[in-house]
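Enquirer: One structure coming up, written as structure tokens, with questions to follow.
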Amino acid sequence: MLNSLATTVTDTVQQVSQVTAGSESLFVTIMKGFSNLAVPVILFVVIVLGFVKKIKVYETFIDGAKEGFSVAVNIIPYLVAILVAIGMFRASGAMGYFIKILSPLTNLIGMPAETLPVALMRPLSGSGSLGLVTELMTKHGPDSFIGRLASTMFGSTETTFYVIAVYFGSVGIRKSRHAIASGLIGDLVGLLMAVFICRIVFG
Amino acid sequence: MNYIWLALMAISLIVGAINGRLEAVTTAAVNYAGMAVEISLGLIGIMAFWLGIMKIAEEGGIIKILSRAIRPIAKFLFPDIPPDHPAIGMMLMNIIANWLGLGNAATPLGLKAMKELQKLNKSEDTATNAMVVFLALNTASITFIPMTVIAVRAKLGSANPFEIISTAVFSSTCATIAAVTAAKLLQRLPNIRKSDPNRMKEDSREGDDNA
């Protein structure tokens, strides 16, 4: 999920740099440096500019931070609703049937059947789909076509249902109108494009 | 959402019963409910931190500067929002955080943006077009450094864990364009148009300052 994803970022940067030291391209070094520096730079700019504009930075910070609790608590019912439904769906074995129904279609576009569960899980559960990607890469190797495609799929979209539950939940929106349809269309295009580009780049 | 939720629940219970997995289904319900609360409460600290920082940014005028900088794009994506509104700057901050793979910062910034968008909403519980477009940007979100998956690849001994960055950026860009286009097109459908909480104001450009 989003927050567990984020907490791993700092230690993963270290692990990744150990593993890839030496074989790392300039692009990657720049990207990584950028990512590491982004938060300190943002904080610095905000605080210094606040000071220049003669804002009472401490009081203002406290004022804003007060809202943190209520926002987090507001999300709870929305997140419980969607996560429980997804958890039940996974536990019931319905996912397996879904995959069976869809597999003729995926063969048609050149998508390995093994990666279909990742595609279906991606919009529903961040940790669930990451688990599937990890499993596939353990089995087939991270540098296999399946491993690369699964990784690309994971990086292609966000966890649509989680984002919708949290974002709308925080302001009490219950009628999401066309948000889910739009999000799922984006997911579908992203996943198809992942297959397409991986076939071109990784053959 | 009503139908999707209903479908997920009903299918789980029926399929669970057929498979004789009802016990697993109920256990999952209990576990996931607990997990949802943990995730939400886990957000409090980081939420408070970023909301505090954003308050300084807002009062210091940074959000306004950002809003102005992307006025042309914002006008196209969010025609209902007054161009100088802080919501635009907040959304930009959230999207930049997403690009940089700063999941930790992106959520609080995004929620702050939602709060600003909600101020422009005439209804309490119905999403506006601007919200749906913003969520489309977020659910498909482009990430230049998908760190989590790169880390897993590295751990499993990939020769080049980063090689999926270009393919992921490509497909997430396509996903974003598709999601936003879908949001823009779907909002024209008669049914969805009718449910627009701001439809009374559709022709006026001032937005609503004293709603």
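Every chain in the structure tokens takes a letter, A first, then B, and so on in the order presented; its residues are numbered from 1, and the ligands are numbered from 1 following the presented order.
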Write out as a list in words the residues lying within 6 Å of segment 137-142 of chain B, counting only C-alpha atoms and excluding same-chain residues fewer than 3 positions away.
Expert: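 Result of the neighbour search: Thr157, Glu158, Thr160, Gly183 and Gly186 of chain A; Trp99, Phe134, Ser172, Thr173, Ala175 and Thr176 of chain B.
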Enquirer: With only C-alpha atoms as the counted atoms, please give the residues lying no more than 9 Å from Ile63 of chain B, apart from itself and same-chain residues fewer than 6 positions off, as an MDAnalysis selection string.
Expert: chainID B and resid 54 57 85:90 92:93
Enquirer: Select, from B:Ala179, B:Ala74, B:Val30, B:Ile4, the residue with the minimum atom-to-atom distance to chain A, counting only C-alpha atoms.
Expert: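 Between B:Ala179, B:Ala74, B:Val30, B:Ile4, the residue approaching chain A most closely is B:Ala179.
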Enquirer: Do a neighbour search on Arg193 of chain B at 12 Å with only C-alpha atoms, toss out local chain neighbours closer than 4 positions, and write the hits as a ChimeraX atom specification.
Expert: /A:177-178 /B:127-129,183-189,197-200,202
Enquirer: Which residues of segment 94-194 of chain A sit at most 10 Å from segment 5-28 of chain B, using only C-alpha atoms? Give each one's shortest atom pair and distance in Å (one decimal place), in chain and ascending residue order, as JSON lines.
Expert:
{"residue": "A:Ala94", "atom": "CA", "partner": "B:Val15", "partner_atom": "CA", "distance": 6.0}
{"residue": "A:Met95", "atom": "CA", "partner": "B:Ser12", "partner_atom": "CA", "distance": 9.3}
{"residue": "A:Tyr97", "atom": "CA", "partner": "B:Val15", "partner_atom": "CA", "distance": 9.3}
Enquirer: May I ask which of the residues A:Tyr78, A:Phe51, A:Phe61, A:Phe98 is the closest one to chain B, counting only C-alpha atoms?
Expert: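 Using only C-alpha atoms, chain B sits closest to A:Phe61.
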Enquirer: Apply DSSP to the backbone of this structure and, from segment 29-119 of chain B, keep only the residues in alpha helix (DSSP H); write these as a ChimeraX atom specification.
Expert: /B:29-59,62-69,71-77,86-99,103-119
Enquirer: Give me the residues within 7 Å of Phe69 of chain A as a ChimeraX atom specification, counting only C-alpha atoms and dropping any in the same chain fewer than 3 places off.
Expert: /A:66,72-73 /B:44,48
Enquirer: Go ahead and write the residues just picked, C-alpha atoms, as a PDB file, in the first residue's frame.
Expert:
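Result saved to part_30.pdb:
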ATOM      1  CA  LYS A  66      -3.765  19.732  13.697  1.00  0.00           C
ATOM      2  CA  ALA A  72      -6.710  10.039   8.946  1.00  0.00           C
ATOM      3  CA  VAL A  73      -9.744   9.130  11.045  1.00  0.00           C
TER       4      VAL A  73
ATOM      5  CA  ILE B  44      -1.621  10.370  11.144  1.00  0.00           C
ATOM      6  CA  ALA B  48       0.215  15.992  10.323  1.00  0.00           C
TER       7      ALA B  48
END
Enquirer: Please provide as a PDB file with all heavy atoms, in the first residue's frame all residues within 8 Å of Ser176 of chain A, with the sequence filter that same-chain residues fewer than 2 positions apart are discarded (counting only C-alpha atoms).
Expert:
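Output below, filename selection_17.pdb:
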ATOM      1  N   PHE A 168     -11.411  10.223  -1.661  1.00  0.00           N
ATOM      2  CA  PHE A 168     -12.800  10.630  -1.464  1.00  0.00           C
ATOM      3  C   PHE A 168     -13.189  10.524   0.005  1.00  0.00           C
ATOM      4  O   PHE A 168     -13.906  11.371   0.522  1.00  0.00           O
ATOM      5  CB  PHE A 168     -13.732   9.785  -2.328  1.00  0.00           C
ATOM      6  CG  PHE A 168     -13.798  10.247  -3.756  1.00  0.00           C
ATOM      7  CD1 PHE A 168     -14.087   9.375  -4.780  1.00  0.00           C
ATOM      8  CD2 PHE A 168     -13.574  11.581  -4.072  1.00  0.00           C
ATOM      9  CE1 PHE A 168     -14.151   9.810  -6.111  1.00  0.00           C
ATOM     10  CE2 PHE A 168     -13.631  12.031  -5.390  1.00  0.00           C
ATOM     11  CZ  PHE A 168     -13.926  11.133  -6.407  1.00  0.00           C
ATOM     12  N   ILE A 173     -16.758  12.187   0.435  1.00  0.00           N
ATOM     13  CA  ILE A 173     -17.483  11.976  -0.826  1.00  0.00           C
ATOM     14  C   ILE A 173     -17.910  10.507  -0.920  1.00  0.00           C
ATOM     15  O   ILE A 173     -17.082   9.605  -0.827  1.00  0.00           O
ATOM     16  CB  ILE A 173     -16.594  12.319  -2.040  1.00  0.00           C
ATOM     17  CG1 ILE A 173     -16.195  13.781  -2.029  1.00  0.00           C
ATOM     18  CG2 ILE A 173     -17.313  11.948  -3.352  1.00  0.00           C
ATOM     19  CD1 ILE A 173     -17.283  14.736  -2.414  1.00  0.00           C
ATOM     20  N   ARG A 174     -19.212  10.275  -1.082  1.00  0.00           N
ATOM     21  CA  ARG A 174     -19.716   8.910  -1.191  1.00  0.00           C
ATOM     22  C   ARG A 174     -20.090   8.559  -2.629  1.00  0.00           C
ATOM     23  O   ARG A 174     -20.009   7.428  -3.046  1.00  0.00           O
ATOM     24  CB  ARG A 174     -20.940   8.734  -0.297  1.00  0.00           C
ATOM     25  CG  ARG A 174     -20.549   8.216   1.075  1.00  0.00           C
ATOM     26  CD  ARG A 174     -21.689   8.380   2.044  1.00  0.00           C
ATOM     27  NE  ARG A 174     -21.411   9.502   2.904  1.00  0.00           N
ATOM     28  CZ  ARG A 174     -22.259   9.934   3.830  1.00  0.00           C
ATOM     29  NH1 ARG A 174     -23.432   9.355   3.982  1.00  0.00           N
ATOM     30  NH2 ARG A 174     -21.923  10.933   4.602  1.00  0.00           N
ATOM     31  N   HIS A 178     -18.062   9.114 -12.098  1.00  0.00           N
ATOM     32  CA  HIS A 178     -17.308   8.333 -13.083  1.00  0.00           C
ATOM     33  C   HIS A 178     -15.844   8.114 -12.696  1.00  0.00           C
ATOM     34  O   HIS A 178     -15.030   7.760 -13.533  1.00  0.00           O
ATOM     35  CB  HIS A 178     -17.420   8.977 -14.458  1.00  0.00           C
ATOM     36  CG  HIS A 178     -17.093  10.455 -14.473  1.00  0.00           C
ATOM     37  ND1 HIS A 178     -17.697  11.366 -13.651  1.00  0.00           N
ATOM     38  CD2 HIS A 178     -16.221  11.158 -15.211  1.00  0.00           C
ATOM     39  CE1 HIS A 178     -17.221  12.572 -13.889  1.00  0.00           C
ATOM     40  NE2 HIS A 178     -16.321  12.474 -14.821  1.00  0.00           N
ATOM     41  N   ALA A 179     -15.508   8.319 -11.421  1.00  0.00           N
ATOM     42  CA  ALA A 179     -14.109   8.205 -11.012  1.00  0.00           C
ATOM     43  C   ALA A 179     -13.565   6.780 -11.184  1.00  0.00           C
ATOM     44  O   ALA A 179     -12.450   6.583 -11.666  1.00  0.00           O
ATOM     45  CB  ALA A 179     -13.955   8.652  -9.567  1.00  0.00           C
ATOM     46  N   ILE A 180     -14.367   5.791 -10.795  1.00  0.00           N
ATOM     47  CA  ILE A 180     -13.876   4.411 -10.876  1.00  0.00           C
ATOM     48  C   ILE A 180     -13.738   3.987 -12.330  1.00  0.00           C
ATOM     49  O   ILE A 180     -12.724   3.390 -12.713  1.00  0.00           O
ATOM     50  CB  ILE A 180     -14.821   3.469 -10.101  1.00  0.00           C
ATOM     51  CG1 ILE A 180     -14.679   3.775  -8.613  1.00  0.00           C
ATOM     52  CG2 ILE A 180     -14.472   2.012 -10.382  1.00  0.00           C
ATOM     53  CD1 ILE A 180     -15.576   2.967  -7.748  1.00  0.00           C
TER      54      ILE A 180
ATOM     55  N   MET B   1     -19.893   3.001  -7.432  1.00  0.00           N
ATOM     56  CA  MET B   1     -19.232   2.369  -6.292  1.00  0.00           C
ATOM     57  C   MET B   1     -20.168   1.378  -5.609  1.00  0.00           C
ATOM     58  O   MET B   1     -19.761   0.292  -5.221  1.00  0.00           O
ATOM     59  CB  MET B   1     -18.820   3.455  -5.293  1.00  0.00           C
ATOM     60  CG  MET B   1     -17.851   2.951  -4.251  1.00  0.00           C
ATOM     61  SD  MET B   1     -16.265   2.514  -4.968  1.00  0.00           S
ATOM     62  CE  MET B   1     -15.688   1.337  -3.786  1.00  0.00           C
ATOM     63  N   THR B 126     -21.015  14.328  -3.163  1.00  0.00           N
ATOM     64  CA  THR B 126     -20.913  13.949  -4.565  1.00  0.00           C
ATOM     65  C   THR B 126     -19.653  14.552  -5.180  1.00  0.00           C
ATOM     66  O   THR B 126     -19.346  15.724  -4.956  1.00  0.00           O
ATOM     67  CB  THR B 126     -22.152  14.434  -5.340  1.00  0.00           C
ATOM     68  OG1 THR B 126     -23.315  14.011  -4.627  1.00  0.00           O
ATOM     69  CG2 THR B 126     -22.179  13.852  -6.738  1.00  0.00           C
ATOM     70  N   ALA B 127     -18.934  13.724  -5.942  1.00  0.00           N
ATOM     71  CA  ALA B 127     -17.679  14.174  -6.532  1.00  0.00           C
ATOM     72  C   ALA B 127     -17.921  15.187  -7.645  1.00  0.00           C
ATOM     73  O   ALA B 127     -18.881  15.073  -8.399  1.00  0.00           O
ATOM     74  CB  ALA B 127     -16.919  12.980  -7.083  1.00  0.00           C
ATOM     75  N   VAL B 132     -12.763  14.176 -10.091  1.00  0.00           N
ATOM     76  CA  VAL B 132     -12.609  12.940 -10.862  1.00  0.00           C
ATOM     77  C   VAL B 132     -11.360  13.033 -11.755  1.00  0.00           C
ATOM     78  O   VAL B 132     -10.581  12.075 -11.847  1.00  0.00           O
ATOM     79  CB  VAL B 132     -13.866  12.645 -11.698  1.00  0.00           C
ATOM     80  CG1 VAL B 132     -13.658  11.426 -12.571  1.00  0.00           C
ATOM     81  CG2 VAL B 132     -15.057  12.430 -10.782  1.00  0.00           C
TER      82      VAL B 132
END
Enquirer: So what do you get for atom CA of Val41 of chain A versus atom CA of Lys56 of chain A, distance-wise?
Expert: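 According to the coordinates, atom CA of Val41 of chain A and atom CA of Lys56 of chain A are separated by 20.1 Å.
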Enquirer: Pick from A:Phe202, A:Phe44, A:Phe145, A:Phe89: nearest to chain B, with only C-alpha atoms counted?
Expert: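 The shortest atom-to-atom distance to chain B comes from A:Phe89.
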Enquirer: Name all residues at most 9 Å from Thr107 of chain B (count only C-alpha atoms; drop same-chain ones fewer than 5 positions away) and give them as JSON, numbers by chain.
Expert: {"A": [2, 3, 163, 166, 167], "B": [43, 47, 94, 97, 98, 102, 112]}
Enquirer: Got time to write the residues from that selection, N, CA, C and O atoms, as a PDB file, in the first residue's frame?
Expert:
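File produced: result.pdb:
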ATOM      1  N   LEU A   2       0.254   2.375  -0.186  1.00  0.00           N
ATOM      2  CA  LEU A   2       1.014   3.594  -0.386  1.00  0.00           C
ATOM      3  C   LEU A   2       1.999   3.879   0.727  1.00  0.00           C
ATOM      4  O   LEU A   2       3.149   4.208   0.488  1.00  0.00           O
ATOM      5  N   ASN A   3       1.527   3.730   1.962  1.00  0.00           N
ATOM      6  CA  ASN A   3       2.415   4.157   3.039  1.00  0.00           C
ATOM      7  C   ASN A   3       3.526   3.149   3.306  1.00  0.00           C
ATOM      8  O   ASN A   3       4.655   3.538   3.603  1.00  0.00           O
ATOM      9  N   VAL A 163      -6.710   4.438  -3.807  1.00  0.00           N
ATOM     10  CA  VAL A 163      -6.624   5.888  -3.997  1.00  0.00           C
ATOM     11  C   VAL A 163      -8.015   6.514  -3.914  1.00  0.00           C
ATOM     12  O   VAL A 163      -8.221   7.517  -3.229  1.00  0.00           O
ATOM     13  N   VAL A 166      -9.372   6.423  -0.272  1.00  0.00           N
ATOM     14  CA  VAL A 166      -8.688   7.340   0.642  1.00  0.00           C
ATOM     15  C   VAL A 166      -8.975   8.799   0.284  1.00  0.00           C
ATOM     16  O   VAL A 166      -9.308   9.610   1.145  1.00  0.00           O
ATOM     17  N   TYR A 167      -8.860   9.127  -0.999  1.00  0.00           N
ATOM     18  CA  TYR A 167      -9.016  10.527  -1.397  1.00  0.00           C
ATOM     19  C   TYR A 167     -10.453  11.011  -1.197  1.00  0.00           C
ATOM     20  O   TYR A 167     -10.680  12.081  -0.639  1.00  0.00           O
TER      21      TYR A 167
ATOM     22  N   LEU B  43      -1.277   6.801   8.940  1.00  0.00           N
ATOM     23  CA  LEU B  43      -1.118   8.033   8.166  1.00  0.00           C
ATOM     24  C   LEU B  43      -1.028   9.273   9.057  1.00  0.00           C
ATOM     25  O   LEU B  43      -0.576  10.322   8.608  1.00  0.00           O
ATOM     26  N   MET B  47       0.849  12.577   7.892  1.00  0.00           N
ATOM     27  CA  MET B  47      -0.212  13.499   7.496  1.00  0.00           C
ATOM     28  C   MET B  47      -0.050  14.839   8.213  1.00  0.00           C
ATOM     29  O   MET B  47      -0.057  15.895   7.592  1.00  0.00           O
ATOM     30  N   ASN B  94       1.131  17.498  -5.256  1.00  0.00           N
ATOM     31  CA  ASN B  94       0.837  16.068  -5.150  1.00  0.00           C
ATOM     32  C   ASN B  94       1.364  15.305  -6.364  1.00  0.00           C
ATOM     33  O   ASN B  94       1.977  14.243  -6.239  1.00  0.00           O
ATOM     34  N   ALA B  97       5.123  15.064  -6.291  1.00  0.00           N
ATOM     35  CA  ALA B  97       5.532  14.049  -5.309  1.00  0.00           C
ATOM     36  C   ALA B  97       5.362  12.644  -5.882  1.00  0.00           C
ATOM     37  O   ALA B  97       6.212  11.770  -5.689  1.00  0.00           O
ATOM     38  N   ASN B  98       4.285  12.438  -6.632  1.00  0.00           N
ATOM     39  CA  ASN B  98       4.076  11.147  -7.283  1.00  0.00           C
ATOM     40  C   ASN B  98       5.164  10.856  -8.303  1.00  0.00           C
ATOM     41  O   ASN B  98       5.690   9.749  -8.372  1.00  0.00           O
ATOM     42  N   LEU B 102       7.618   9.810  -4.202  1.00  0.00           N
ATOM     43  CA  LEU B 102       7.550  10.116  -2.773  1.00  0.00           C
ATOM     44  C   LEU B 102       6.152   9.785  -2.257  1.00  0.00           C
ATOM     45  O   LEU B 102       5.368  10.674  -1.947  1.00  0.00           O
ATOM     46  N   LYS B 112      -4.819  17.090   0.938  1.00  0.00           N
ATOM     47  CA  LYS B 112      -4.954  18.540   1.122  1.00  0.00           C
ATOM     48  C   LYS B 112      -5.600  19.151  -0.122  1.00  0.00           C
ATOM     49  O   LYS B 112      -6.477  20.010  -0.028  1.00  0.00           O
TER      50      LYS B 112
END
Enquirer: In Å, rounded to a single decimal, give me how far atom CA of Arg148 of chain A is from atom CA of Val189 of chain A.
Expert: 17.8 Å
Enquirer: Measure the distance from atom CA of Ser92 of chain A to atom CA of Met121 of chain A in Å and round it to one decimal.
Expert: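 Atom CA of Ser92 of chain A sits 14.3 Å away from atom CA of Met121 of chain A.
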Enquirer: When you look at Leu43 of chain A with a cut-off of 9 Å (counting only C-alpha atoms), what residues show up, excluding the ones that are within fewer than 5 positions of it in the same chain? I need them as a ChimeraX atom specification.
Expert: /A:38,48 /B:53
Enquirer: Let me see the file: selected residues, N, CA, C and O atoms, as a PDB file, in the first residue's frame.
Expert:
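Output (selection.pdb):
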ATOM      1  N   ALA A  38      14.742  15.499  -3.091  1.00  0.00           N
ATOM      2  CA  ALA A  38      13.490  16.224  -3.282  1.00  0.00           C
ATOM      3  C   ALA A  38      12.890  16.715  -1.969  1.00  0.00           C
ATOM      4  O   ALA A  38      12.584  17.903  -1.832  1.00  0.00           O
ATOM      5  N   VAL A  48      12.339  28.505   4.388  1.00  0.00           N
ATOM      6  CA  VAL A  48      13.058  29.754   4.163  1.00  0.00           C
ATOM      7  C   VAL A  48      12.108  30.814   3.600  1.00  0.00           C
ATOM      8  O   VAL A  48      12.103  31.959   4.043  1.00  0.00           O
TER       9      VAL A  48
ATOM     10  N   ILE B  53       3.639  21.523   7.054  1.00  0.00           N
ATOM     11  CA  ILE B  53       4.544  22.141   6.083  1.00  0.00           C
ATOM     12  C   ILE B  53       3.746  22.872   4.990  1.00  0.00           C
ATOM     13  O   ILE B  53       4.085  23.990   4.592  1.00  0.00           O
TER      14      ILE B  53
END
